[in-house]
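Colleague: You'll find final-v4.csv just under this line, and it carries CSV, C-alpha atoms and all ligand atoms.
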chain,number,residue,atom,x,y,z
A,1,MET,CA,-5.8,-7.7,23.6
A,2,HIS,CA,-7.9,-4.5,24.1
A,3,ILE,CA,-9.4,-2.2,21.5
A,4,THR,CA,-8.0,1.3,21.7
A,5,SER,CA,-9.5,2.9,18.6
A,6,VAL,CA,-11.9,2.3,15.7
A,7,THR,CA,-11.5,4.7,12.8
A,8,PRO,CA,-13.2,4.9,9.5
A,9,VAL,CA,-11.0,5.8,6.5
A,10,PRO,CA,-13.1,7.0,3.5
A,11,VAL,CA,-11.3,7.3,0.2
A,12,THR,CA,-12.2,8.4,-3.3
A,13,VAL,CA,-10.4,7.3,-6.5
A,14,PRO,CA,-11.1,8.8,-9.9
A,15,SER,CA,-12.3,6.4,-12.6
A,16,GLY,CA,-13.3,6.7,-16.2
A,17,ARG,CA,-16.9,7.1,-15.3
A,18,GLU,CA,-18.0,8.2,-11.8
A,19,PRO,CA,-15.3,8.5,-9.1
A,20,MET,CA,-15.3,5.4,-7.0
A,21,SER,CA,-15.3,5.6,-3.2
A,22,PHE,CA,-14.3,3.1,-0.6
A,23,CYS,CA,-14.9,2.9,3.2
A,24,PHE,CA,-12.1,1.2,5.2
A,25,VAL,CA,-12.1,0.7,9.0
A,26,ARG,CA,-9.0,0.7,11.1
A,27,ILE,CA,-9.1,-0.9,14.5
A,28,GLU,CA,-6.0,-0.5,16.8
A,29,THR,CA,-5.3,-2.5,19.9
A,30,ASP,CA,-3.0,-2.1,23.0
A,31,THR,CA,-0.8,-4.9,21.5
A,32,GLY,CA,0.1,-2.7,18.6
A,33,LEU,CA,-1.8,-4.9,16.2
A,34,VAL,CA,-3.9,-3.0,13.6
A,35,GLY,CA,-6.9,-4.7,11.9
A,36,TRP,CA,-8.5,-3.6,8.7
A,37,GLY,CA,-12.1,-3.9,7.4
A,38,GLU,CA,-14.0,-2.5,4.5
A,39,ALA,CA,-17.7,-1.9,3.6
A,40,CYS,CA,-19.3,-2.2,0.2
A,41,ASP,CA,-22.5,-0.7,-1.0
A,42,SER,CA,-22.5,-2.7,-4.2
A,43,TYR,CA,-20.2,-0.6,-6.4
A,44,GLY,CA,-17.4,0.4,-4.1
A,45,CYS,CA,-19.0,2.7,-1.6
A,46,SER,CA,-20.7,5.7,-3.1
A,47,TYR,CA,-21.6,7.1,0.3
A,48,ALA,CA,-18.5,6.4,2.3
A,49,GLY,CA,-19.1,9.5,4.4
A,50,VAL,CA,-22.4,8.1,5.6
A,51,LEU,CA,-20.8,4.8,6.5
A,52,SER,CA,-18.0,6.5,8.3
A,53,THR,CA,-20.4,8.4,10.4
A,54,ILE,CA,-22.2,5.2,11.4
A,55,VAL,CA,-19.0,3.6,12.4
A,56,THR,CA,-17.9,6.5,14.5
A,57,ASP,CA,-21.2,7.3,16.1
A,58,ALA,CA,-22.6,3.8,16.6
A,59,PHE,CA,-19.9,1.2,16.6
A,60,THR,CA,-16.8,2.9,18.0
A,61,PRO,CA,-18.3,3.6,21.4
A,62,LEU,CA,-19.4,-0.1,21.7
A,63,LEU,CA,-15.8,-1.4,21.0
A,64,VAL,CA,-13.2,1.0,22.5
A,65,GLY,CA,-11.9,-0.5,25.7
A,66,GLN,CA,-13.4,-4.0,25.0
A,67,GLN,CA,-11.2,-7.1,25.2
A,68,LEU,CA,-11.0,-8.9,21.9
A,69,VAL,CA,-10.5,-12.7,22.1
A,70,ALA,CA,-13.1,-14.0,19.6
A,71,VAL,CA,-15.2,-12.0,17.1
A,72,GLY,CA,-18.7,-13.6,17.8
A,73,PRO,CA,-19.6,-11.9,21.1
A,74,LEU,CA,-18.6,-8.4,20.0
A,75,ALA,CA,-20.2,-8.8,16.6
A,76,ALA,CA,-23.5,-9.9,18.2
A,77,ARG,CA,-23.3,-6.9,20.5
A,78,LEU,CA,-22.9,-4.5,17.6
A,79,ARG,CA,-25.9,-6.0,15.9
A,80,LEU,CA,-28.2,-6.2,19.0
A,81,SER,CA,-27.3,-2.6,20.1
A,82,THR,CA,-28.1,-1.0,16.8
A,83,ARG,CA,-30.6,-3.0,14.8
A,84,ARG,CA,-33.8,-1.5,16.3
A,85,ARG,CA,-32.7,2.0,15.5
A,86,LEU,CA,-30.3,1.9,12.6
A,87,GLY,CA,-31.9,-1.1,11.0
A,88,ASP,CA,-30.8,-4.6,10.0
A,89,GLN,CA,-30.3,-3.9,6.4
A,90,TRP,CA,-28.5,-1.5,4.1
A,91,VAL,CA,-25.9,1.1,5.3
A,92,ALA,CA,-25.9,0.1,9.0
A,93,VAL,CA,-25.2,-3.5,8.0
A,94,GLN,CA,-22.6,-2.5,5.4
A,95,ALA,CA,-20.8,-0.4,8.1
A,96,ARG,CA,-21.1,-3.3,10.6
A,97,SER,CA,-19.6,-5.6,8.0
A,98,ALA,CA,-16.4,-3.5,7.8
A,99,VAL,CA,-16.0,-3.5,11.6
A,100,GLU,CA,-16.6,-7.3,11.9
A,101,ILE,CA,-13.9,-7.9,9.2
A,102,ALA,CA,-11.4,-5.8,11.1
A,103,LEU,CA,-12.1,-7.7,14.3
A,104,TRP,CA,-11.4,-11.0,12.4
A,105,ASP,CA,-8.2,-9.5,11.0
A,106,LEU,CA,-7.0,-8.8,14.5
A,107,VAL,CA,-8.0,-12.3,15.8
A,108,GLY,CA,-6.1,-13.9,13.0
A,109,GLN,CA,-3.0,-11.8,13.4
A,110,ALA,CA,-3.0,-12.4,17.2
A,111,ALA,CA,-3.1,-16.2,16.5
A,112,GLY,CA,-0.4,-15.9,13.8
A,113,LEU,CA,-2.8,-17.6,11.4
A,114,SER,CA,-4.8,-16.5,8.4
A,115,ILE,CA,-8.5,-16.0,9.1
A,116,THR,CA,-9.1,-18.8,6.7
A,117,ASP,CA,-7.0,-21.2,8.8
A,118,VAL,CA,-8.6,-20.0,12.0
A,119,ILE,CA,-12.0,-20.9,10.7
A,120,GLY,CA,-11.0,-23.9,8.7
A,121,ARG,CA,-9.4,-23.9,5.3
A,122,VAL,CA,-11.1,-26.0,2.6
A,123,ARG,CA,-9.0,-24.8,-0.4
A,124,ASP,CA,-5.9,-22.8,-1.2
A,125,ARG,CA,-7.1,-21.3,-4.5
A,126,VAL,CA,-10.5,-20.4,-6.0
A,127,ALA,CA,-11.7,-19.8,-9.5
A,128,ILE,CA,-12.5,-16.2,-10.4
A,129,TYR,CA,-15.1,-15.0,-12.9
A,130,ALA,CA,-14.4,-11.9,-15.0
A,131,SER,CA,-16.9,-9.2,-14.1
A,132,SER,CA,-16.9,-6.9,-17.0
A,133,THR,CA,-18.7,-3.7,-18.1
A,134,PHE,CA,-22.1,-2.6,-19.6
A,135,LEU,CA,-22.7,-3.9,-23.2
A,136,ASP,CA,-23.6,-0.4,-24.3
A,137,GLU,CA,-20.0,0.8,-23.7
A,138,GLY,CA,-18.7,-0.6,-27.0
A,139,PRO,CA,-19.1,-3.1,-29.8
A,140,ALA,CA,-18.6,-6.8,-29.2
A,141,GLU,CA,-14.9,-6.6,-30.2
A,142,PHE,CA,-14.4,-4.0,-27.4
A,143,HIS,CA,-15.8,-6.4,-24.9
A,144,ARG,CA,-13.8,-9.3,-26.3
A,145,ASP,CA,-10.6,-7.3,-25.9
A,146,LEU,CA,-11.4,-6.3,-22.3
A,147,ALA,CA,-11.8,-9.9,-21.3
A,148,ALA,CA,-8.9,-11.3,-23.4
A,149,PRO,CA,-6.2,-10.9,-20.7
A,150,LEU,CA,-8.2,-12.9,-18.2
A,151,ILE,CA,-9.3,-15.6,-20.6
A,152,ALA,CA,-5.6,-15.9,-21.5
A,153,GLN,CA,-5.0,-16.6,-17.8
A,154,GLY,CA,-7.4,-19.5,-17.9
A,155,VAL,CA,-10.5,-17.7,-16.7
A,156,SER,CA,-13.6,-19.5,-18.0
A,157,MET,CA,-16.5,-17.4,-16.7
A,158,LEU,CA,-17.4,-13.9,-18.1
A,159,LYS,CA,-20.2,-11.6,-16.8
A,160,VAL,CA,-21.4,-8.6,-18.8
A,161,ARG,CA,-24.1,-6.0,-18.0
A,162,THR,CA,-27.3,-5.1,-19.8
A,163,GLY,CA,-29.0,-1.7,-19.3
A,164,PRO,CA,-32.2,0.1,-20.5
A,165,ASP,CA,-31.3,-0.4,-24.2
A,166,TRP,CA,-31.5,-4.2,-23.8
A,167,LYS,CA,-32.5,-5.0,-27.3
A,168,GLN,CA,-29.3,-3.5,-28.6
A,169,ASP,CA,-27.3,-5.1,-25.7
A,170,LEU,CA,-28.6,-8.5,-26.7
A,171,ARG,CA,-27.5,-8.0,-30.3
A,172,THR,CA,-24.0,-7.1,-28.9
A,173,LEU,CA,-24.1,-10.1,-26.6
A,174,GLN,CA,-24.9,-12.5,-29.5
A,175,THR,CA,-22.0,-11.2,-31.5
A,176,LEU,CA,-19.7,-11.4,-28.4
A,177,ARG,CA,-20.7,-14.9,-27.7
A,178,ALA,CA,-19.5,-16.0,-31.1
A,179,LEU,CA,-16.1,-14.2,-30.5
A,180,ILE,CA,-15.3,-15.9,-27.2
A,181,PRO,CA,-14.2,-19.6,-26.9
A,182,ASP,CA,-17.1,-22.0,-26.5
A,183,ASP,CA,-15.8,-23.3,-23.1
A,184,VAL,CA,-16.2,-19.8,-21.5
A,185,GLU,CA,-19.5,-19.5,-19.6
A,186,PHE,CA,-21.4,-16.3,-19.9
A,187,MET,CA,-23.4,-14.6,-17.2
A,188,VAL,CA,-25.5,-11.4,-17.4
A,189,ASP,CA,-26.2,-8.7,-14.8
A,190,GLY,CA,-29.4,-6.7,-15.1
A,191,SER,CA,-28.6,-4.2,-12.3
A,192,GLU,CA,-32.2,-4.2,-11.1
A,193,THR,CA,-33.3,-2.4,-14.3
A,194,TYR,CA,-36.3,-4.3,-15.5
A,195,THR,CA,-40.0,-4.9,-15.0
A,196,LEU,CA,-41.1,-8.5,-14.8
A,197,PRO,CA,-42.3,-8.9,-18.4
A,198,THR,CA,-39.1,-7.4,-19.8
A,199,ALA,CA,-37.0,-9.6,-17.5
A,200,LEU,CA,-38.8,-12.7,-18.7
A,201,GLU,CA,-38.3,-11.8,-22.3
A,202,ILE,CA,-34.6,-11.2,-21.8
A,203,ALA,CA,-34.3,-14.4,-19.8
A,204,ARG,CA,-35.7,-16.4,-22.7
A,205,ARG,CA,-33.3,-14.8,-25.1
A,206,LEU,CA,-30.4,-15.4,-22.7
A,207,ALA,CA,-31.3,-19.1,-22.5
A,208,ASP,CA,-30.8,-19.4,-26.3
A,209,LEU,CA,-27.3,-18.1,-25.8
A,210,GLY,CA,-26.5,-20.6,-23.0
A,211,VAL,CA,-26.1,-17.9,-20.3
A,212,ARG,CA,-25.6,-19.5,-16.9
A,213,TRP,CA,-27.3,-16.9,-14.7
A,214,PHE,CA,-29.3,-13.6,-15.0
A,215,GLU,CA,-28.4,-11.4,-12.0
A,216,GLU,CA,-30.7,-8.9,-10.3
A,217,PRO,CA,-33.1,-8.4,-13.3
A,218,VAL,CA,-35.8,-6.7,-11.3
A,219,PRO,CA,-35.3,-4.5,-8.2
A,220,GLN,CA,-34.3,-6.5,-5.2
A,221,GLY,CA,-37.2,-5.3,-3.1
A,222,ASN,CA,-39.8,-6.6,-5.6
A,223,ARG,CA,-39.8,-9.9,-3.9
A,224,ALA,CA,-43.1,-11.1,-5.5
A,225,ALA,CA,-41.7,-10.4,-8.9
A,226,ILE,CA,-38.5,-12.3,-8.1
A,227,ALA,CA,-40.4,-15.3,-7.0
A,228,ARG,CA,-42.5,-15.3,-10.3
A,229,LEU,CA,-39.3,-14.7,-12.3
A,230,CYS,CA,-37.5,-17.6,-10.7
A,231,ALA,CA,-40.5,-19.9,-11.3
A,232,GLN,CA,-40.7,-19.0,-15.0
A,233,SER,CA,-37.2,-18.1,-16.1
A,234,PRO,CA,-35.3,-20.6,-18.3
A,235,VAL,CA,-32.0,-19.4,-16.9
A,236,PRO,CA,-31.1,-19.4,-13.2
A,237,ILE,CA,-31.7,-16.1,-11.3
A,238,ALA,CA,-29.0,-14.6,-9.1
A,239,TYR,CA,-29.3,-12.3,-6.1
A,240,GLY,CA,-27.2,-11.5,-3.1
A,241,GLU,CA,-25.4,-8.2,-3.2
A,242,HIS,CA,-28.6,-6.6,-1.8
A,243,LEU,CA,-29.5,-9.3,0.7
A,244,TYR,CA,-28.6,-8.5,4.3
A,245,GLY,CA,-28.1,-11.3,6.8
A,246,ARG,CA,-29.4,-14.8,6.9
A,247,GLU,CA,-33.0,-13.8,7.2
A,248,ASP,CA,-33.0,-12.0,3.8
A,249,ALA,CA,-31.0,-14.9,2.3
A,250,LEU,CA,-33.5,-17.5,3.6
A,251,ASP,CA,-36.4,-15.5,2.2
A,252,ALA,CA,-34.7,-15.3,-1.2
A,253,LEU,CA,-34.0,-19.1,-1.2
A,254,ALA,CA,-37.2,-20.4,0.4
A,255,THR,CA,-39.8,-17.9,-0.9
A,256,GLY,CA,-38.1,-16.4,-3.9
A,257,GLY,CA,-36.6,-19.6,-5.3
A,258,VAL,CA,-33.3,-17.9,-6.1
A,259,THR,CA,-30.8,-20.5,-7.3
A,260,VAL,CA,-27.6,-18.5,-7.4
A,261,LEU,CA,-26.7,-16.6,-4.2
A,262,GLN,CA,-24.1,-13.9,-4.1
A,263,PRO,CA,-23.2,-13.1,-0.5
A,264,ASP,CA,-20.6,-10.4,0.2
A,265,ALA,CA,-18.7,-10.2,3.5
A,266,SER,CA,-18.5,-6.5,3.1
A,267,ILE,CA,-22.3,-6.1,2.8
A,268,SER,CA,-24.2,-8.9,4.5
A,269,GLY,CA,-22.9,-8.4,8.1
A,270,GLY,CA,-19.3,-9.7,7.9
A,271,ILE,CA,-17.4,-12.9,7.4
A,272,THR,CA,-19.4,-14.9,9.8
A,273,GLU,CA,-22.8,-13.8,8.4
A,274,SER,CA,-21.8,-14.3,4.8
A,275,ARG,CA,-20.6,-17.9,5.7
A,276,GLU,CA,-24.0,-18.5,7.3
A,277,ILE,CA,-25.7,-17.4,4.1
A,278,ALA,CA,-23.4,-19.5,1.9
A,279,ASN,CA,-24.2,-22.6,4.0
A,280,LEU,CA,-27.9,-21.9,3.8
A,281,ALA,CA,-27.6,-21.6,0.0
A,282,GLN,CA,-25.9,-25.0,-0.1
A,283,TYR,CA,-28.9,-26.6,1.7
A,284,TYR,CA,-31.2,-25.2,-1.0
A,285,GLY,CA,-29.0,-26.5,-3.8
A,286,ALA,CA,-28.2,-23.0,-4.9
A,287,ARG,CA,-24.9,-22.0,-6.4
A,288,VAL,CA,-22.8,-19.8,-4.1
A,289,VAL,CA,-20.7,-17.2,-5.9
A,290,PRO,CA,-19.5,-14.3,-3.6
A,291,HIS,CA,-20.1,-10.8,-4.9
A,292,VAL,CA,-16.9,-8.6,-5.0
A,293,CYS,CA,-17.0,-5.0,-6.0
A,294,ALA,CA,-14.9,-2.9,-3.6
A,295,GLY,CA,-11.3,-2.4,-2.5
A,296,PRO,CA,-8.5,-4.9,-1.6
A,297,VAL,CA,-9.6,-5.5,2.0
A,298,SER,CA,-13.1,-6.4,0.8
A,299,LEU,CA,-11.7,-8.8,-1.8
A,300,ALA,CA,-9.5,-10.4,0.9
A,301,ALA,CA,-12.5,-10.8,3.2
A,302,ASN,CA,-14.5,-12.5,0.4
A,303,LEU,CA,-11.6,-14.8,-0.3
A,304,VAL,CA,-11.9,-16.0,3.4
A,305,LEU,CA,-15.5,-16.9,2.5
A,306,ALA,CA,-14.3,-18.8,-0.6
A,307,GLY,CA,-11.5,-20.4,1.4
A,308,THR,CA,-13.8,-21.7,4.2
A,309,VAL,CA,-17.1,-22.7,2.4
A,310,GLN,CA,-16.9,-25.8,0.3
A,311,ALA,CA,-20.0,-24.8,-1.8
A,312,VAL,CA,-18.3,-21.6,-3.2
A,313,ARG,CA,-17.8,-22.2,-6.9
A,314,ALA,CA,-16.0,-18.9,-7.8
A,315,VAL,CA,-15.6,-15.3,-6.7
A,316,GLU,CA,-16.3,-12.2,-8.7
A,317,TYR,CA,-13.3,-10.3,-10.2
A,318,PRO,CA,-14.3,-6.9,-11.4
A,319,LEU,CA,-11.8,-5.9,-14.2
A,320,ASN,CA,-12.1,-2.1,-13.4
A,321,LEU,CA,-10.9,-2.6,-9.7
A,322,VAL,CA,-7.5,-4.2,-10.3
A,323,PRO,CA,-5.7,-0.8,-10.4
A,324,VAL,CA,-7.5,0.2,-7.1
A,325,TRP,CA,-6.3,-3.1,-5.5
A,326,ASP,CA,-2.8,-2.5,-6.6
A,327,GLU,CA,-2.8,1.2,-5.4
A,328,LEU,CA,-4.5,0.7,-2.0
A,329,GLY,CA,-3.5,-2.7,-0.9
A,330,VAL,CA,-0.3,-3.8,0.9
A,331,GLY,CA,0.7,-7.4,1.3
A,332,GLY,CA,-1.6,-9.1,-1.2
A,333,ALA,CA,-1.1,-9.8,-4.9
A,334,PHE,CA,-4.5,-9.6,-6.6
A,335,GLY,CA,-3.6,-8.3,-10.1
A,336,LEU,CA,-3.6,-10.2,-13.4
A,337,ASN,CA,-0.2,-11.8,-12.6
A,338,ALA,CA,-1.8,-13.5,-9.5
A,339,ILE,CA,-4.3,-15.4,-11.7
A,340,SER,CA,-3.2,-18.9,-12.7
A,341,GLU,CA,-5.3,-21.4,-14.5
A,342,GLY,CA,-8.3,-19.1,-13.8
A,343,THR,CA,-7.8,-19.2,-10.1
A,344,ILE,CA,-6.5,-16.8,-7.4
A,345,GLU,CA,-4.8,-17.7,-4.1
A,346,ILE,CA,-6.6,-17.6,-0.8
A,347,PRO,CA,-4.2,-15.6,1.4
A,348,SER,CA,-2.2,-17.5,4.0
A,349,ARG,CA,-0.5,-14.7,5.9
A,350,PRO,CA,-1.8,-13.9,9.4
A,351,GLY,CA,-5.2,-12.2,9.5
A,352,LEU,CA,-6.6,-11.0,6.2
A,353,GLY,CA,-3.2,-11.1,4.7
A,354,ILE,CA,-3.6,-7.6,3.4
A,355,ALA,CA,-3.6,-4.1,4.8
A,356,LEU,CA,-4.6,-0.7,3.5
A,357,ASN,CA,-1.7,1.4,2.1
A,358,GLU,CA,-2.3,4.3,4.5
A,359,ALA,CA,0.0,6.7,2.6
A,360,ALA,CA,-1.8,6.0,-0.7
A,361,ALA,CA,-5.2,6.4,1.0
A,362,ALA,CA,-4.1,9.7,2.5
A,363,GLY,CA,-3.5,10.9,-1.1
A,364,ARG,CA,-7.1,10.1,-2.1
A,365,PRO,CA,-9.3,12.1,0.3
A,366,TYR,CA,-13.0,11.2,0.2
A,367,THR,CA,-15.3,13.5,-1.8
A,368,PRO,CA,-19.1,12.9,-1.6
A,369,PRO,CA,-21.0,12.2,-4.9
A,370,GLY,CA,-21.5,15.5,-6.7
A,371,GLN,CA,-24.7,17.0,-8.1
A,372,ARG,CA,-26.5,14.5,-10.3
A,373,VAL,CA,-29.2,15.5,-12.8
A,374,ALA,CA,-31.9,12.9,-13.0
A,375,GLY,CA,-31.4,10.6,-16.0
A,376,THR,CA,-27.7,11.3,-16.4
A,377,VAL,CA,-24.4,10.6,-14.6
A,378,GLY,CA,-21.5,12.8,-15.5
A,379,GLY,CA,-23.0,13.5,-18.9
A,380,LEU,CA,-23.5,9.8,-19.6
A,381,PRO,CA,-27.0,8.2,-19.6
A,382,ASP,CA,-28.1,6.8,-16.2
A,383,ARG,CA,-28.5,3.1,-16.6
A,384,PHE,CA,-30.6,2.5,-13.5
A,385,VAL,CA,-33.8,4.1,-14.8
A,386,GLY,CA,-35.8,1.1,-15.7
A,387,ASP,CA,-37.1,-0.3,-19.0
A,388,ARG,CA,-36.7,1.8,-22.0
A,401,MG,MG,-24.3,-7.3,-9.6
When written as structure tokens, how does the structure in this file appear?

Modeller:
Amino acid sequence: MHITSVTPVPVTVPSGREPMSFCFVRIETDTGLVGWGEACDSYGCSYAGVLSTIVTDAFTPLLVGQQLVAVGPLAARLRLSTRRRLGDQWVAVQARSAVEIALWDLVGQAAGLSITDVIGRVRDRVAIYASSTFLDEGPAEFHRDLAAPLIAQGVSMLKVRTGPDWKQDLRTLQTLRALIPDDVEFMVDGSETYTLPTALEIARRLADLGVRWFEEPVPQGNRAAIARLCAQSPVPIAYGEHLYGREDALDALATGGVTVLQPDASISGGITESREIANLAQYYGARVVPHVCAGPVSLAANLVLAGTVQAVRAVEYPLNLVPVWDELGVGGAFGLNAISEGTIEIPSRPGLGIALNEAAAAGRPYTPPGQRVAGTVGGLPDRFVGDR
């Protein structure tokens, strides 16, 4: 099987807040098989045009004409050929992740097996956790109603988000906690908003509410602050969606003391790299809960991670992305009806078990992020501005 083309497919889908973009990669071979990959830059893919350019300029020339038997040698070539100039973190790695996933999709399809079965399946279903919205978007009853359909399907983990108005957010959270059944675990995502003193104050309050992890409270680059926070916080601290490759993960685990790790196959270098990270986390006794916040191909890739690493406890399930998965995915059922007893199936069809709906994608052409006035996003307050 030889690679004949590598083509990025950037897409933009309107949403209630900012439009969400996605960056898929299509790899075609001389056998007629087509493989799909997808990159994520934490919340879909805001700069899908940038990622597309990296794929086209840096990775396509390294792959077209190459024989594909196994992913490893080609993935290593992509990394070694670009890391000194494009870097080993951020967009270059996100773009490389999409390409690596598409290569795995092809290897699986060629073998007539799911990627999970090629690597070694450890489970057929995995728990999901409901990943909900910012607490300042409505009163506690609003958040209860958002989560209700998933809790009715047996989901027993719920994550909400705090922003700059954290004192009000904590009041909402306290009310919400009382409205949700006791056996549902709560987690809180801080979206890199806080200084260390604020993060510690919030962590103490979250401990009183029984919250199981506090995610990205301080910016991911503030490694010294993360280490101090992990040492002092009464709730476990989670990082991962901004960690690239096993070196970053090892640093977070060994130096930072992070005890919940959230690798993402669409961010950290691909399926192989995210599995490495998950296994490292296991050695450090950390919980492994893959990050998911992109389109259907990215979800399927992270389900491979969940299906092949014993230590994975659950995968993220962002409520706002279900319509996108339904519209842009072909072959996989990831909507509410696919949730049973709080779990979702690890696909068993050949390759990823899902493909991009190319006709639907063609109807959603990519548009770059529009003009943003500092402090606001589309007229709404920007949440990523720090302590208030
Ligand atoms: Mg997060």

Colleague: Kindly give the distance, in Å, that separates atom CA of Gly329 of chain A and atom CA of Ala39 of chain A, rounded to a single decimal.

Modeller: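 It comes out at 14.9 Å.
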
Colleague: Rounded to one decimal, what separation in Å do you get between atom CA of Gly351 of chain A and atom CA of Arg313 of chain A?

Modeller: 23.0 Å

Colleague: Give the residues close to ligand MG 401 (chain A), within 9 Å, counting all atoms listed in the file; write them as a count of residues only.

Modeller: 20

Colleague: Would you kindly identify which residues have an atom no farther than 10 Å from (-14.2, -14.4, 12.8), using only C-alpha atoms and the file's own coordinates, and write them out as a PyMOL selection string?

Modeller: chain A and resi 70-72+75+100-108+115-116+118-119+270-273+304+351

Colleague: Grab the atom CA of Met157 of chain A to atom CA of Ser268 of chain A distance for me, in Å with one decimal place.

Modeller: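 Separation of atom CA of Met157 of chain A and atom CA of Ser268 of chain A: 24.1 Å.
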
Colleague: When you count all atoms listed in the file, which of these residues is closest to Leu206 of chain A: A:Leu173, A:Ala130, A:Ala147, A:Ala265?

Modeller: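 Smallest separation from Leu206 of chain A among the options: A:Leu173.
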
Colleague: Need to verify the contact set: Tyr317 of chain A, 12 Å, all atoms listed in the file, exclusion of same-chain residues closer than 5 positions in sequence. Can you return it as a PDB file with C-alpha atoms, in the coordinates of the input?

Modeller:
ATOM      1  CA  VAL A 126     -10.500 -20.400  -6.000  1.00  0.00           C
ATOM      2  CA  ALA A 127     -11.700 -19.800  -9.500  1.00  0.00           C
ATOM      3  CA  ILE A 128     -12.500 -16.200 -10.400  1.00  0.00           C
ATOM      4  CA  TYR A 129     -15.100 -15.000 -12.900  1.00  0.00           C
ATOM      5  CA  ALA A 130     -14.400 -11.900 -15.000  1.00  0.00           C
ATOM      6  CA  SER A 131     -16.900  -9.200 -14.100  1.00  0.00           C
ATOM      7  CA  SER A 132     -16.900  -6.900 -17.000  1.00  0.00           C
ATOM      8  CA  THR A 133     -18.700  -3.700 -18.100  1.00  0.00           C
ATOM      9  CA  ALA A 147     -11.800  -9.900 -21.300  1.00  0.00           C
ATOM     10  CA  LEU A 150      -8.200 -12.900 -18.200  1.00  0.00           C
ATOM     11  CA  VAL A 155     -10.500 -17.700 -16.700  1.00  0.00           C
ATOM     12  CA  MET A 157     -16.500 -17.400 -16.700  1.00  0.00           C
ATOM     13  CA  LEU A 158     -17.400 -13.900 -18.100  1.00  0.00           C
ATOM     14  CA  LYS A 159     -20.200 -11.600 -16.800  1.00  0.00           C
ATOM     15  CA  VAL A 160     -21.400  -8.600 -18.800  1.00  0.00           C
ATOM     16  CA  VAL A 289     -20.700 -17.200  -5.900  1.00  0.00           C
ATOM     17  CA  PRO A 290     -19.500 -14.300  -3.600  1.00  0.00           C
ATOM     18  CA  HIS A 291     -20.100 -10.800  -4.900  1.00  0.00           C
ATOM     19  CA  VAL A 292     -16.900  -8.600  -5.000  1.00  0.00           C
ATOM     20  CA  CYS A 293     -17.000  -5.000  -6.000  1.00  0.00           C
ATOM     21  CA  ALA A 294     -14.900  -2.900  -3.600  1.00  0.00           C
ATOM     22  CA  GLY A 295     -11.300  -2.400  -2.500  1.00  0.00           C
ATOM     23  CA  PRO A 296      -8.500  -4.900  -1.600  1.00  0.00           C
ATOM     24  CA  SER A 298     -13.100  -6.400   0.800  1.00  0.00           C
ATOM     25  CA  LEU A 299     -11.700  -8.800  -1.800  1.00  0.00           C
ATOM     26  CA  ALA A 300      -9.500 -10.400   0.900  1.00  0.00           C
ATOM     27  CA  ASN A 302     -14.500 -12.500   0.400  1.00  0.00           C
ATOM     28  CA  LEU A 303     -11.600 -14.800  -0.300  1.00  0.00           C
ATOM     29  CA  VAL A 322      -7.500  -4.200 -10.300  1.00  0.00           C
ATOM     30  CA  TRP A 325      -6.300  -3.100  -5.500  1.00  0.00           C
ATOM     31  CA  PHE A 334      -4.500  -9.600  -6.600  1.00  0.00           C
ATOM     32  CA  GLY A 335      -3.600  -8.300 -10.100  1.00  0.00           C
ATOM     33  CA  LEU A 336      -3.600 -10.200 -13.400  1.00  0.00           C
ATOM     34  CA  ALA A 338      -1.800 -13.500  -9.500  1.00  0.00           C
ATOM     35  CA  ILE A 339      -4.300 -15.400 -11.700  1.00  0.00           C
ATOM     36  CA  GLY A 342      -8.300 -19.100 -13.800  1.00  0.00           C
ATOM     37  CA  THR A 343      -7.800 -19.200 -10.100  1.00  0.00           C
ATOM     38  CA  ILE A 344      -6.500 -16.800  -7.400  1.00  0.00           C
TER      39      ILE A 344
END

Colleague: Using only C-alpha atoms, which residue out of A:Gly331, A:Gly37, A:Gly154, A:Gly256 lies closest to Pro10 of chain A?

Modeller: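 That would be A:Gly37, the residue with the smallest distance to Pro10 of chain A.
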
Colleague: Taking the block above, write segment 314-320 of chain A with N, CA and C atoms as a CSV table (one decimal), in the first residue's frame.

Modeller:
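Saved result, selection12.csv, follows:
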chain,number,residue,atom,x,y,z
A,314,ALA,N,-12.1,6.7,32.1
A,314,ALA,CA,-13.3,7.3,31.4
A,314,ALA,C,-12.7,8.2,30.3
A,315,VAL,N,-13.6,8.5,29.4
A,315,VAL,CA,-13.2,9.5,28.4
A,315,VAL,C,-14.2,10.7,28.5
A,316,GLU,N,-13.7,11.9,28.1
A,316,GLU,CA,-14.5,13.1,28.1
A,316,GLU,C,-15.6,13.0,27.0
A,317,TYR,N,-16.7,13.6,27.4
A,317,TYR,CA,-17.9,13.6,26.4
A,317,TYR,C,-18.5,14.9,26.4
A,318,PRO,N,-18.0,15.9,25.6
A,318,PRO,CA,-18.5,17.2,25.6
A,318,PRO,C,-19.9,17.3,25.1
A,319,LEU,N,-20.9,17.8,25.9
A,319,LEU,CA,-22.3,17.8,25.5
A,319,LEU,C,-22.5,18.6,24.2
A,320,ASN,N,-21.7,19.7,24.0
A,320,ASN,CA,-22.0,20.6,22.9
A,320,ASN,C,-21.5,20.0,21.6
